[in-house]
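One file, start_35.tsv, is given below (TSV, C-alpha atoms and all ligand atoms).
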chain	number	residue	atom	x	y	z
A	1	MET	CA	97.52	140.39	79.68
A	2	PHE	CA	99.30	137.96	81.99
A	3	ASN	CA	97.98	134.51	82.71
A	4	GLU	CA	94.94	134.79	85.01
A	5	LYS	CA	95.32	131.27	86.42
A	6	MET	CA	98.91	131.94	87.47
A	7	TYR	CA	97.89	135.27	88.93
A	8	ALA	CA	95.21	133.53	90.99
A	9	LEU	CA	97.73	130.96	92.25
A	10	GLY	CA	100.31	133.59	93.11
A	11	SER	CA	97.96	136.00	94.81
A	12	LYS	CA	96.46	133.39	97.13
A	13	ARG	CA	98.96	131.50	99.25
A	14	SER	CA	98.28	127.90	100.32
A	15	ILE	CA	96.54	127.77	103.68
A	16	ILE	CA	99.70	126.26	105.23
A	17	ARG	CA	101.88	129.15	104.04
A	18	GLU	CA	99.19	131.65	105.09
A	19	ILE	CA	99.22	130.37	108.67
A	20	PHE	CA	103.02	130.00	108.68
A	21	GLU	CA	103.40	133.67	107.67
A	22	TYR	CA	100.90	134.69	110.38
A	23	CYS	CA	102.99	132.76	112.95
A	24	LYS	CA	106.16	134.61	111.96
A	25	ALA	CA	104.44	137.99	112.28
A	26	ARG	CA	102.82	137.00	115.59
A	27	ALA	CA	106.16	135.75	116.96
A	28	ALA	CA	107.72	139.14	116.19
A	29	GLU	CA	104.86	140.75	118.15
A	30	ILE	CA	104.69	138.60	121.29
A	31	GLY	CA	107.83	136.42	121.19
A	32	ALA	CA	108.44	133.11	119.42
A	33	ASP	CA	108.17	131.10	122.66
A	34	LYS	CA	104.55	132.24	123.10
A	35	VAL	CA	103.36	131.16	119.64
A	36	PHE	CA	102.59	127.46	119.26
A	37	ASP	CA	103.24	127.17	115.55
A	38	PHE	CA	102.30	123.71	114.24
A	39	SER	CA	101.66	124.87	110.70
A	40	ILE	CA	104.41	123.75	108.35
A	41	GLY	CA	106.26	120.51	107.62
A	42	ASN	CA	109.76	121.90	108.02
A	43	PRO	CA	111.93	119.13	109.53
A	44	SER	CA	113.16	120.01	113.02
A	45	VAL	CA	115.63	117.13	113.28
A	46	PRO	CA	119.13	118.05	112.05
A	47	ALA	CA	120.44	116.56	108.80
A	48	PRO	CA	122.76	113.59	109.45
A	49	LYS	CA	126.41	114.45	110.18
A	50	GLU	CA	127.44	112.70	106.94
A	51	ILE	CA	125.77	115.50	104.95
A	52	GLY	CA	127.86	118.30	106.48
A	53	ASP	CA	131.00	116.18	106.21
A	54	ALA	CA	130.32	115.43	102.53
A	55	ILE	CA	129.73	119.12	101.77
A	56	SER	CA	133.01	120.14	103.46
A	57	GLU	CA	134.94	117.38	101.72
A	58	LEU	CA	133.47	118.22	98.32
A	59	VAL	CA	134.03	121.95	98.64
A	60	LYS	CA	137.65	121.40	99.72
A	61	ASN	CA	138.63	118.80	97.18
A	62	GLU	CA	136.44	118.77	94.10
A	63	SER	CA	136.59	120.78	90.88
A	64	PRO	CA	134.24	123.74	90.33
A	65	VAL	CA	132.66	121.95	87.39
A	66	LEU	CA	131.72	118.94	89.48
A	67	LEU	CA	130.48	121.16	92.30
A	68	HIS	CA	128.63	123.84	90.43
A	69	GLY	CA	128.47	122.92	86.74
A	70	TYR	CA	125.52	121.48	84.82
A	71	THR	CA	125.09	117.72	85.00
A	72	SER	CA	123.25	115.71	82.34
A	73	ALA	CA	119.65	116.88	82.26
A	74	GLN	CA	118.50	113.64	83.92
A	75	GLY	CA	121.25	113.87	86.56
A	76	ASP	CA	124.84	112.79	87.15
A	77	LEU	CA	125.35	109.17	86.09
A	78	GLY	CA	127.24	108.23	89.27
A	79	THR	CA	124.45	109.66	91.42
A	80	ARG	CA	121.77	107.84	89.44
A	81	GLU	CA	123.75	104.60	89.77
A	82	ALA	CA	124.03	105.09	93.53
A	83	VAL	CA	120.27	105.75	93.80
A	84	ALA	CA	119.46	102.69	91.67
A	85	ASP	CA	121.78	100.47	93.78
A	86	ASP	CA	120.10	101.73	96.94
A	87	ILE	CA	116.60	100.95	95.60
A	88	ASN	CA	117.73	97.48	94.50
A	89	THR	CA	119.47	96.67	97.78
A	90	ARG	CA	116.49	97.72	99.87
A	91	PHE	CA	113.58	96.61	97.70
A	92	GLY	CA	114.99	94.34	94.97
A	93	ALA	CA	113.16	96.37	92.33
A	94	GLY	CA	115.68	95.75	89.51
A	95	VAL	CA	116.04	99.41	88.46
A	96	SER	CA	119.07	100.85	86.67
A	97	ALA	CA	120.47	104.38	86.34
A	98	ASN	CA	118.44	104.63	83.13
A	99	ASN	CA	115.23	104.49	85.18
A	100	ILE	CA	116.28	107.35	87.49
A	101	TYR	CA	115.76	111.07	86.85
A	102	MET	CA	117.20	113.45	89.48
A	103	THR	CA	114.88	116.33	90.45
A	104	CYS	CA	114.51	119.41	92.63
A	105	GLY	CA	112.53	117.50	95.31
A	106	ALA	CA	109.16	115.76	95.32
A	107	ALA	CA	107.28	118.80	94.00
A	108	ALA	CA	109.39	118.69	90.83
A	109	SER	CA	109.16	114.89	90.68
A	110	LEU	CA	105.37	115.19	90.71
A	111	THR	CA	105.01	118.10	88.28
A	112	ILE	CA	107.37	116.41	85.82
A	113	SER	CA	105.69	112.99	86.11
A	114	LEU	CA	102.19	114.43	85.72
A	115	ARG	CA	103.24	116.53	82.74
A	116	ALA	CA	104.84	113.42	81.21
A	117	LEU	CA	101.77	111.22	81.69
A	118	LEU	CA	98.65	113.36	81.29
A	119	ASN	CA	97.01	114.54	78.10
A	120	PRO	CA	94.45	117.36	78.39
A	121	ASP	CA	91.35	116.33	80.38
A	122	GLU	CA	92.72	112.98	81.47
A	123	GLU	CA	91.97	112.18	85.07
A	124	CYS	CA	94.27	111.69	88.04
A	125	ILE	CA	92.83	110.14	91.19
A	126	VAL	CA	94.04	111.33	94.59
A	127	PHE	CA	93.16	109.74	97.92
A	128	ALA	CA	91.75	112.12	100.52
A	129	PRO	CA	93.23	113.48	102.62
A	130	PHE	CA	95.86	114.63	100.11
A	131	PHE	CA	98.71	117.14	99.92
A	132	THR	CA	97.02	120.38	98.80
A	133	GLU	CA	99.50	121.05	95.99
A	134	TYR	CA	98.37	117.94	94.04
A	135	ARG	CA	95.47	119.97	92.71
A	136	VAL	CA	97.81	122.71	91.49
A	137	PHE	CA	100.21	120.21	89.89
A	138	ILE	CA	97.50	118.12	88.17
A	139	GLU	CA	95.62	121.14	86.84
A	140	ASN	CA	98.85	122.68	85.60
A	141	ALA	CA	99.39	119.48	83.58
A	142	GLN	CA	95.87	120.09	82.16
A	143	GLY	CA	94.54	117.05	83.96
A	144	LYS	CA	91.40	116.67	86.07
A	145	VAL	CA	91.51	115.92	89.79
A	146	VAL	CA	89.26	113.10	90.99
A	147	VAL	CA	89.09	112.61	94.76
A	148	SER	CA	88.60	109.21	96.36
A	149	THR	CA	87.00	109.39	99.81
A	150	PRO	CA	88.73	107.44	102.62
A	151	MET	CA	87.38	105.00	105.19
A	152	PRO	CA	86.02	106.90	108.18
A	153	LYS	CA	88.21	107.03	111.30
A	154	THR	CA	91.15	104.91	109.99
A	155	PHE	CA	91.64	107.05	106.85
A	156	GLN	CA	92.80	103.97	104.95
A	157	ILE	CA	91.73	103.80	101.29
A	158	ASP	CA	88.10	102.84	100.64
A	159	ILE	CA	88.58	100.31	97.85
A	160	LYS	CA	84.94	100.40	96.71
A	161	ASP	CA	84.96	104.17	96.46
A	162	PHE	CA	88.29	104.05	94.61
A	163	GLU	CA	87.06	101.50	92.08
A	164	GLY	CA	83.96	103.61	91.47
A	165	LYS	CA	86.09	106.67	90.69
A	166	ILE	CA	88.07	105.01	87.86
A	167	THR	CA	86.81	105.85	84.38
A	168	GLU	CA	88.08	105.40	80.86
A	169	LYS	CA	89.84	108.75	81.27
A	170	THR	CA	91.84	107.74	84.35
A	171	LYS	CA	95.52	107.96	83.49
A	172	ALA	CA	97.17	108.15	86.88
A	173	VAL	CA	96.63	107.64	90.60
A	174	ILE	CA	98.75	109.37	93.26
A	175	MET	CA	99.36	107.47	96.47
A	176	ASN	CA	101.14	109.16	99.37
A	177	SER	CA	102.19	106.93	102.26
A	178	PRO	CA	103.15	107.77	104.98
A	179	ASN	CA	100.48	110.35	104.39
A	180	ASN	CA	100.49	114.10	104.70
A	181	PRO	CA	98.29	115.16	106.53
A	182	SER	CA	96.98	112.02	108.28
A	183	GLY	CA	100.26	110.28	109.25
A	184	VAL	CA	98.61	107.03	108.09
A	185	VAL	CA	100.67	104.32	106.39
A	186	TYR	CA	98.59	102.33	103.91
A	187	ASN	CA	98.85	98.69	104.91
A	188	GLU	CA	99.88	95.88	102.59
A	189	GLU	CA	96.34	94.53	102.32
A	190	THR	CA	95.13	97.92	101.09
A	191	ILE	CA	98.01	98.22	98.61
A	192	LYS	CA	97.29	94.78	97.20
A	193	ALA	CA	93.61	95.61	96.82
A	194	VAL	CA	94.37	98.93	95.05
A	195	CYS	CA	96.75	97.19	92.64
A	196	GLU	CA	94.24	94.42	91.93
A	197	VAL	CA	91.62	97.02	91.01
A	198	LEU	CA	94.10	98.87	88.81
A	199	ARG	CA	95.09	95.72	86.92
A	200	LYS	CA	91.41	94.90	86.35
A	201	LYS	CA	90.68	98.42	85.08
A	202	GLU	CA	93.76	98.46	82.83
A	203	LYS	CA	92.40	95.34	81.17
A	204	GLU	CA	88.86	96.70	80.94
A	205	TYR	CA	89.94	99.99	79.33
A	206	ALA	CA	92.91	98.51	77.44
A	207	HIS	CA	95.35	101.24	78.42
A	208	PRO	CA	97.83	101.73	81.25
A	209	ILE	CA	96.86	103.48	84.46
A	210	TYR	CA	100.01	104.65	86.24
A	211	LEU	CA	100.46	104.57	89.97
A	212	ILE	CA	102.51	107.53	91.18
A	213	ALA	CA	104.05	106.81	94.58
A	214	ASP	CA	104.71	110.15	96.30
A	215	GLU	CA	107.20	109.13	98.97
A	216	PRO	CA	108.92	112.01	100.74
A	217	TYR	CA	108.05	110.44	104.12
A	218	ARG	CA	109.04	106.82	103.35
A	219	GLU	CA	111.86	106.86	105.90
A	220	LEU	CA	109.79	108.51	108.66
A	221	VAL	CA	107.93	105.53	110.11
A	222	PHE	CA	107.73	104.36	113.70
A	223	ASP	CA	107.34	101.08	115.60
A	224	GLU	CA	108.74	98.79	112.88
A	225	ILE	CA	105.86	99.61	110.52
A	226	LYS	CA	106.66	98.56	106.94
A	227	VAL	CA	105.89	100.78	103.95
A	228	PRO	CA	105.32	98.48	100.94
A	229	TYR	CA	107.42	99.42	97.87
A	230	LEU	CA	104.80	99.94	95.19
A	231	MET	CA	106.94	98.83	92.21
A	232	ASN	CA	106.94	95.36	93.77
A	233	TYR	CA	103.13	95.25	93.75
A	234	TYR	CA	102.24	96.95	90.48
A	235	ASP	CA	104.28	97.20	87.29
A	236	ASP	CA	103.03	100.57	86.02
A	237	THR	CA	104.55	102.46	88.94
A	238	ILE	CA	106.51	105.70	89.03
A	239	VAL	CA	108.15	106.63	92.34
A	240	CYS	CA	108.46	110.33	93.18
A	241	TYR	CA	111.02	110.55	95.95
A	242	SER	CA	112.61	113.40	97.85
A	243	TYR	CA	115.36	113.83	100.43
A	244	SER	CA	113.57	116.88	101.88
A	245	LYS	CA	112.17	115.07	104.90
A	246	ALA	CA	114.22	111.85	104.91
A	247	LEU	CA	117.50	113.76	105.30
A	248	SER	CA	116.06	117.09	106.55
A	249	LEU	CA	117.13	118.94	103.39
A	250	PRO	CA	113.93	120.67	102.16
A	251	GLY	CA	115.67	123.87	101.12
A	252	GLU	CA	118.29	122.06	99.04
A	253	ARG	CA	115.71	120.81	96.52
A	254	ILE	CA	116.90	117.30	95.79
A	255	GLY	CA	114.99	114.12	94.95
A	256	TYR	CA	114.35	111.77	92.04
A	257	ILE	CA	111.84	109.98	89.86
A	258	ALA	CA	112.20	106.20	89.43
A	259	VAL	CA	110.27	104.62	86.57
A	260	SER	CA	109.65	100.92	87.06
A	261	PRO	CA	111.56	98.91	84.42
A	262	LYS	CA	108.48	96.64	84.32
A	263	ALA	CA	106.08	99.47	83.38
A	264	GLN	CA	104.37	99.31	80.01
A	265	ASP	CA	106.37	101.62	77.71
A	266	SER	CA	108.95	102.14	80.49
A	267	VAL	CA	111.59	103.53	78.12
A	268	SER	CA	109.12	105.89	76.43
A	269	ILE	CA	107.80	107.09	79.77
A	270	TYR	CA	111.33	107.86	80.88
A	271	LEU	CA	111.83	109.86	77.69
A	272	ALA	CA	108.52	111.68	78.28
A	273	ILE	CA	109.84	112.50	81.77
A	274	CYS	CA	113.01	113.91	80.20
A	275	GLY	CA	110.80	115.93	77.84
A	276	ALA	CA	108.57	117.20	80.63
A	277	GLY	CA	111.63	118.17	82.69
A	278	ARG	CA	112.94	120.02	79.67
A	279	SER	CA	109.68	121.81	78.91
A	280	LEU	CA	109.30	122.85	82.55
A	281	GLY	CA	112.87	124.17	82.64
A	282	TYR	CA	114.30	121.65	85.10
A	283	VAL	CA	117.52	121.04	83.17
A	284	CYS	CA	119.35	119.44	86.07
A	285	ALA	CA	118.92	119.07	89.80
A	286	PRO	CA	121.39	121.02	92.01
A	287	SER	CA	124.85	119.62	91.21
A	288	LEU	CA	126.41	119.96	94.65
A	289	PHE	CA	123.54	118.07	96.23
A	290	GLN	CA	123.61	115.36	93.61
A	291	GLN	CA	127.22	114.75	94.72
A	292	VAL	CA	126.23	114.89	98.38
A	293	ILE	CA	123.47	112.32	97.84
A	294	LYS	CA	125.88	110.03	95.96
A	295	ARG	CA	128.18	110.04	99.01
A	296	CYS	CA	125.45	109.87	101.67
A	297	ILE	CA	123.08	107.18	100.40
A	298	GLY	CA	121.93	105.24	103.43
A	299	ALA	CA	122.44	108.13	105.91
A	300	LYS	CA	119.53	108.58	108.32
A	301	VAL	CA	118.07	111.27	110.54
A	302	ASP	CA	117.22	110.36	114.14
A	303	ILE	CA	113.51	109.64	113.83
A	304	ASN	CA	113.23	108.87	117.54
A	305	ILE	CA	113.00	112.63	118.03
A	306	TYR	CA	109.79	112.72	115.94
A	307	LYS	CA	108.52	109.57	117.66
A	308	GLU	CA	108.96	111.16	121.08
A	309	ASN	CA	107.06	114.27	119.90
A	310	ARG	CA	104.30	112.09	118.49
A	311	ASP	CA	103.97	110.07	121.68
A	312	ILE	CA	103.79	113.16	123.90
A	313	LEU	CA	101.25	114.91	121.68
A	314	TYR	CA	99.08	111.90	120.86
A	315	GLY	CA	99.07	110.74	124.48
A	316	ALA	CA	98.12	114.14	125.88
A	317	LEU	CA	95.54	115.09	123.25
A	318	THR	CA	93.67	111.80	123.45
A	319	GLU	CA	93.66	112.16	127.26
A	320	TYR	CA	92.11	115.66	126.92
A	321	GLY	CA	89.34	114.19	124.77
A	322	TYR	CA	90.54	114.95	121.23
A	323	GLU	CA	89.91	112.26	118.62
A	324	CYS	CA	93.21	111.68	116.80
A	325	VAL	CA	94.04	109.34	113.93
A	326	ALA	CA	96.75	106.93	115.13
A	327	PRO	CA	99.83	108.16	113.25
A	328	ASP	CA	102.33	105.54	112.06
A	329	GLY	CA	104.59	107.85	110.11
A	330	ALA	CA	105.45	111.29	108.69
A	331	PHE	CA	105.33	114.02	111.34
A	332	TYR	CA	101.68	115.03	111.34
A	333	LEU	CA	98.83	114.39	113.73
A	334	PHE	CA	95.35	114.46	112.19
A	335	VAL	CA	92.85	115.62	114.76
A	336	LYS	CA	89.06	115.89	114.63
A	337	ALA	CA	88.08	119.49	115.27
A	338	LEU	CA	85.90	119.97	118.35
A	339	GLU	CA	83.13	121.38	116.16
A	340	ASP	CA	82.03	120.59	112.60
A	341	ASP	CA	83.64	123.65	111.06
A	342	ALA	CA	87.43	123.23	111.24
A	343	TYR	CA	87.94	126.94	110.45
A	344	LYS	CA	85.91	128.00	113.48
A	345	PHE	CA	87.91	125.56	115.60
A	346	PHE	CA	91.10	126.98	114.10
A	347	GLU	CA	90.03	130.51	115.12
A	348	LYS	CA	89.35	129.42	118.69
A	349	ALA	CA	92.72	127.62	118.88
A	350	LYS	CA	94.40	130.74	117.44
A	351	LYS	CA	93.06	132.79	120.36
A	352	LYS	CA	95.14	130.50	122.59
A	353	GLU	CA	98.14	130.99	120.24
A	354	ILE	CA	97.84	127.42	118.92
A	355	LEU	CA	98.25	127.41	115.13
A	356	VAL	CA	97.12	124.25	113.35
A	357	VAL	CA	95.93	123.78	109.76
A	358	PRO	CA	92.24	123.20	108.88
A	359	CYS	CA	92.14	120.31	106.40
A	360	ASP	CA	89.30	121.23	104.02
A	361	ASP	CA	91.86	121.95	101.29
A	362	PHE	CA	93.30	118.46	101.89
A	363	GLY	CA	89.90	117.05	100.90
A	364	VAL	CA	88.56	116.26	104.40
A	365	SER	CA	86.43	118.70	106.37
A	366	GLY	CA	86.16	118.82	110.15
A	367	TYR	CA	89.81	117.95	110.79
A	368	VAL	CA	93.00	119.86	111.47
A	369	ARG	CA	96.64	118.94	110.94
A	370	ILE	CA	99.26	119.41	113.63
A	371	ALA	CA	102.83	119.35	112.27
A	372	TYR	CA	104.86	118.05	115.21
A	373	CYS	CA	108.25	118.46	113.50
A	374	VAL	CA	109.05	121.12	116.09
A	375	ASP	CA	111.19	121.43	119.17
A	376	LYS	CA	109.84	119.14	121.92
A	377	GLN	CA	109.61	122.08	124.29
A	378	ARG	CA	107.07	123.78	122.02
A	379	ILE	CA	104.81	120.74	122.33
A	380	VAL	CA	105.24	120.55	126.09
A	381	ASN	CA	104.55	124.29	126.44
A	382	ALA	CA	101.45	124.06	124.23
A	383	LEU	CA	99.78	121.24	126.16
A	384	PRO	CA	98.07	123.46	128.77
A	385	ALA	CA	96.59	125.55	125.92
A	386	PHE	CA	95.31	122.40	124.15
A	387	LYS	CA	93.80	121.27	127.47
A	388	ALA	CA	92.15	124.64	128.09
A	389	LEU	CA	90.72	124.60	124.56
A	390	ALA	CA	89.17	121.16	125.08
A	391	GLU	CA	87.71	122.33	128.41
A	392	GLU	CA	86.28	125.45	126.80
A	393	TYR	CA	84.36	123.23	124.35
A	394	LYS	CA	83.20	120.89	127.16
A	395	ASN	CA	81.88	123.81	129.18
A	396	ASN	CA	79.92	125.39	126.33
B	401	LIG	N1	104.43	115.53	98.60
B	401	LIG	C1	104.03	115.61	99.87
B	401	LIG	C2	103.02	114.67	100.37
B	401	LIG	C3	104.55	116.60	100.73
B	401	LIG	O1	104.13	116.68	101.99
B	401	LIG	C4	105.51	117.50	100.20
B	401	LIG	C5	106.06	118.58	101.03
B	401	LIG	O2	105.67	118.85	102.14
B	401	LIG	C6	105.91	117.36	98.87
B	401	LIG	C7	105.35	116.38	98.08
B	401	LIG	C8	106.93	118.29	98.27
B	401	LIG	O3	108.19	117.91	98.76
B	401	LIG	P1	109.54	118.64	98.32
B	401	LIG	O4	109.84	119.65	99.36
B	401	LIG	O5	110.57	117.56	98.29
B	401	LIG	O6	109.32	119.23	97.00

Structure encoded using structure tokens:
Amino acid sequence: MFNEKMYALGSKRSIIREIFEYCKARAAEIGADKVFDFSIGNPSVPAPKEIGDAISELVKNESPVLLHGYTSAQGDLGTREAVADDINTRFGAGVSANNIYMTCGAAASLTISLRALLNPDEECIVFAPFFTEYRVFIENAQGKVVVSTPMPKTFQIDIKDFEGKITEKTKAVIMNSPNNPSGVVYNEETIKAVCEVLRKKEKEYAHPIYLIADEPYRELVFDEIKVPYLMNYYDDTIVCYSYSKALSLPGERIGYIAVSPKAQDSVSIYLAICGAGRSLGYVCAPSLFQQVIKRCIGAKVDINIYKENRDILYGALTEYGYECVAPDGAFYLFVKALEDDAYKFFEKAKKKEILVVPCDDFGVSGYVRIAYCVDKQRIVNALPAFKALAEEYKNN
């Protein structure tokens, strides 16, 4: 008999994918311009020009082995050096190529890190709202998910709640900022308080508790907001990074893990990461894209396009009476549903061809996520439907 748990995962899509698939089918029925699909976090801003140029240059001039051959399991040395230099230049974190492990995006960075850190039944704390796949990744590493409830309205971390959730079995904490689905960036005060609690609990339980920084949205922040670099606040940090959103390359599957050189057992953790990558079958990240990243470190997408979308959507929705969490980054707007049950709200929005994601699976009920990484015109065209929806609730 096959594995029942895997069957269950495969036969039920994530709610995001479910709605995304519905949107595609609906678009084929009534036309894509009539479906206001805000379901999935697929970057709408083009990858920087440097990426295309680097691909052309590489394909023209480089050897097949460099382009398409295996690299070292942990990644090409030159690429890891370039990544380490970038981290040091920007954040002064003192990492070397030996702290960097190239991966197939943040999902692989997370599954590998969790597999490397967790023993069966050890606990991993996630801050609600959280990316739905964390549960899948943690449970697949035989760990237990523990959810910390956020502060109401701001959706910053509730430090008291967090401290109360740490037990002797806590091995890791995942922090995702800018956050999917809330768009919130955890401020420096919050980060310092989290790290203080972690240091206290490490002492109390006499074992390390690792902070996993899930950072695919680090570069997508607006209005000069700063995203603190967690290695500089807490030694036992592992950064799970991805170029999926930062360079609009989600289908290319490229990212990395950076283990803080100051972490307890840093060298052993890195080796456990190599072991987890091996056991999960990630022998090396895509070679061509490792070369592209090496040549394009520092390239940027035009985030003003997302900022404009955010401003239009946030401005209009708050004017129509929706309660929205002020989004500082990523490309999601977190909106309070106009009734307690976000699924019922979702169904009513769907009747107006607006497709948003109810956030119960993200650990917060009564909210929906709007992914505004779409063409601006889609947002503009959807506004009358959002307005009509709000009016429908007011009139009932
Ligand atoms: N973590 C968060 C918070 C995400 O939103 C996503 C993707 O949407 C991932 C991880 C996975 O990213 P990747 O596509 O790089 O695997």

Ligand LIG 401 (chain B) neighbours within 9 Å using only C-alpha atoms and all ligand atoms, as an MDAnalysis selection string: chainID A and resid 40:42 104:110 130:134 175:181 214:217 240:245 249:255 330

Close residues, Pro150 in chain A itself excluded, 7 Å, all atoms listed in the file, min 5 positions apart in chain, as a list in words: Phe127, Ala128, Phe155, Gln156, Ile157 and Asp158 of chain A

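The space separating CA of Ile166 in chain A from CA of Val325 in chain A comes to 27.1 Å.
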
Pick out the closest residue to Asp375 in chain A from this set: A:Lys294, A:Lys200, A:Lys226, A:Arg310. Count all atoms listed in the file. A:Arg310

Within 9 Å of Val83 in chain A, counting only C-alpha atoms, which residues show up once you throw out same-chain ones fewer than 2 positions away? Write them as a list in words, please. Gly78, Thr79, Arg80, Glu81, Asp85, Asp86, Ile87, Asn88, Ser96, Ala97, Ile100, Tyr256, Ile293, Lys294 and Ile297 of chain A

Keeping only C-alpha atoms, write those residues as a CSV table (one decimal), in the frame of the given file.
chain,number,residue,atom,x,y,z
A,78,GLY,CA,127.2,108.2,89.3
A,79,THR,CA,124.4,109.7,91.4
A,80,ARG,CA,121.8,107.8,89.4
A,81,GLU,CA,123.8,104.6,89.8
A,85,ASP,CA,121.8,100.5,93.8
A,86,ASP,CA,120.1,101.7,96.9
A,87,ILE,CA,116.6,101.0,95.6
A,88,ASN,CA,117.7,97.5,94.5
A,96,SER,CA,119.1,100.8,86.7
A,97,ALA,CA,120.5,104.4,86.3
A,100,ILE,CA,116.3,107.4,87.5
A,256,TYR,CA,114.4,111.8,92.0
A,293,ILE,CA,123.5,112.3,97.8
A,294,LYS,CA,125.9,110.0,96.0
A,297,ILE,CA,123.1,107.2,100.4

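Considering only C-alpha atoms, the residue among A:Glu353, A:Asp361, A:Glu163, A:Glu168 positioned nearest to Ala32 in chain A is A:Glu353.
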
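From CA of Ser182 in chain A back to CA of Phe334 in chain A, the distance works out to 4.9 Å.
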
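Separating CA of Tyr367 in chain A from CA of Ile354 in chain A is a distance of 14.8 Å.
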
With 8 Å added on each side, what axis-aligned box encloses every listed atom of range 299-305 of chain A? Give the centre and edge lengths in Å to one decimal, as AutoDock Vina command-line options.
--center_x 117.7 --center_y 110.4 --center_z 112.0 --size_x 25.4 --size_y 20.5 --size_z 28.1

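If only C-alpha atoms are the atoms counted, then among A:Glu219, A:Glu122, A:Glu202, A:Glu189 the closest residue to Leu247 in chain A is A:Glu219.
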
May I have the residues at most 12 Å from (130.3, 124.3, 92.1) in the file's coordinates, counting all atoms listed in the file, as a list of chain:residue names? A:Ile55, A:Leu58, A:Val59, A:Lys60, A:Asn61, A:Glu62, A:Ser63, A:Pro64, A:Val65, A:Leu66, A:Leu67, A:His68, A:Gly69, A:Tyr70, A:Thr71, A:Pro286, A:Ser287, A:Leu288, A:Phe289, A:Gln290, A:Gln291

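Nearest residue to Asp235 in chain A, choosing from A:Gly143, A:Pro43, A:Gly75, A:Gly94 and counting only C-alpha atoms: A:Gly94.
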
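Among the candidate residues A:Ala326, A:Ala141, A:Ala342, A:Ile159, the one lying nearest to Thr190 in chain A is A:Ile159, with distances computed using only C-alpha atoms.
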
Write out as a PyMOL selection string the residues lying within 9 Å of Ala316 in chain A, counting only C-alpha atoms and excluding same-chain residues fewer than 6 positions away. chain A and resi 322+383+386-387

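Of the listed residues (A:Glu4, A:Asp37, A:Glu319, A:Glu196), A:Asp37 comes nearest to Lys24 in chain A; the distances count only C-alpha atoms.
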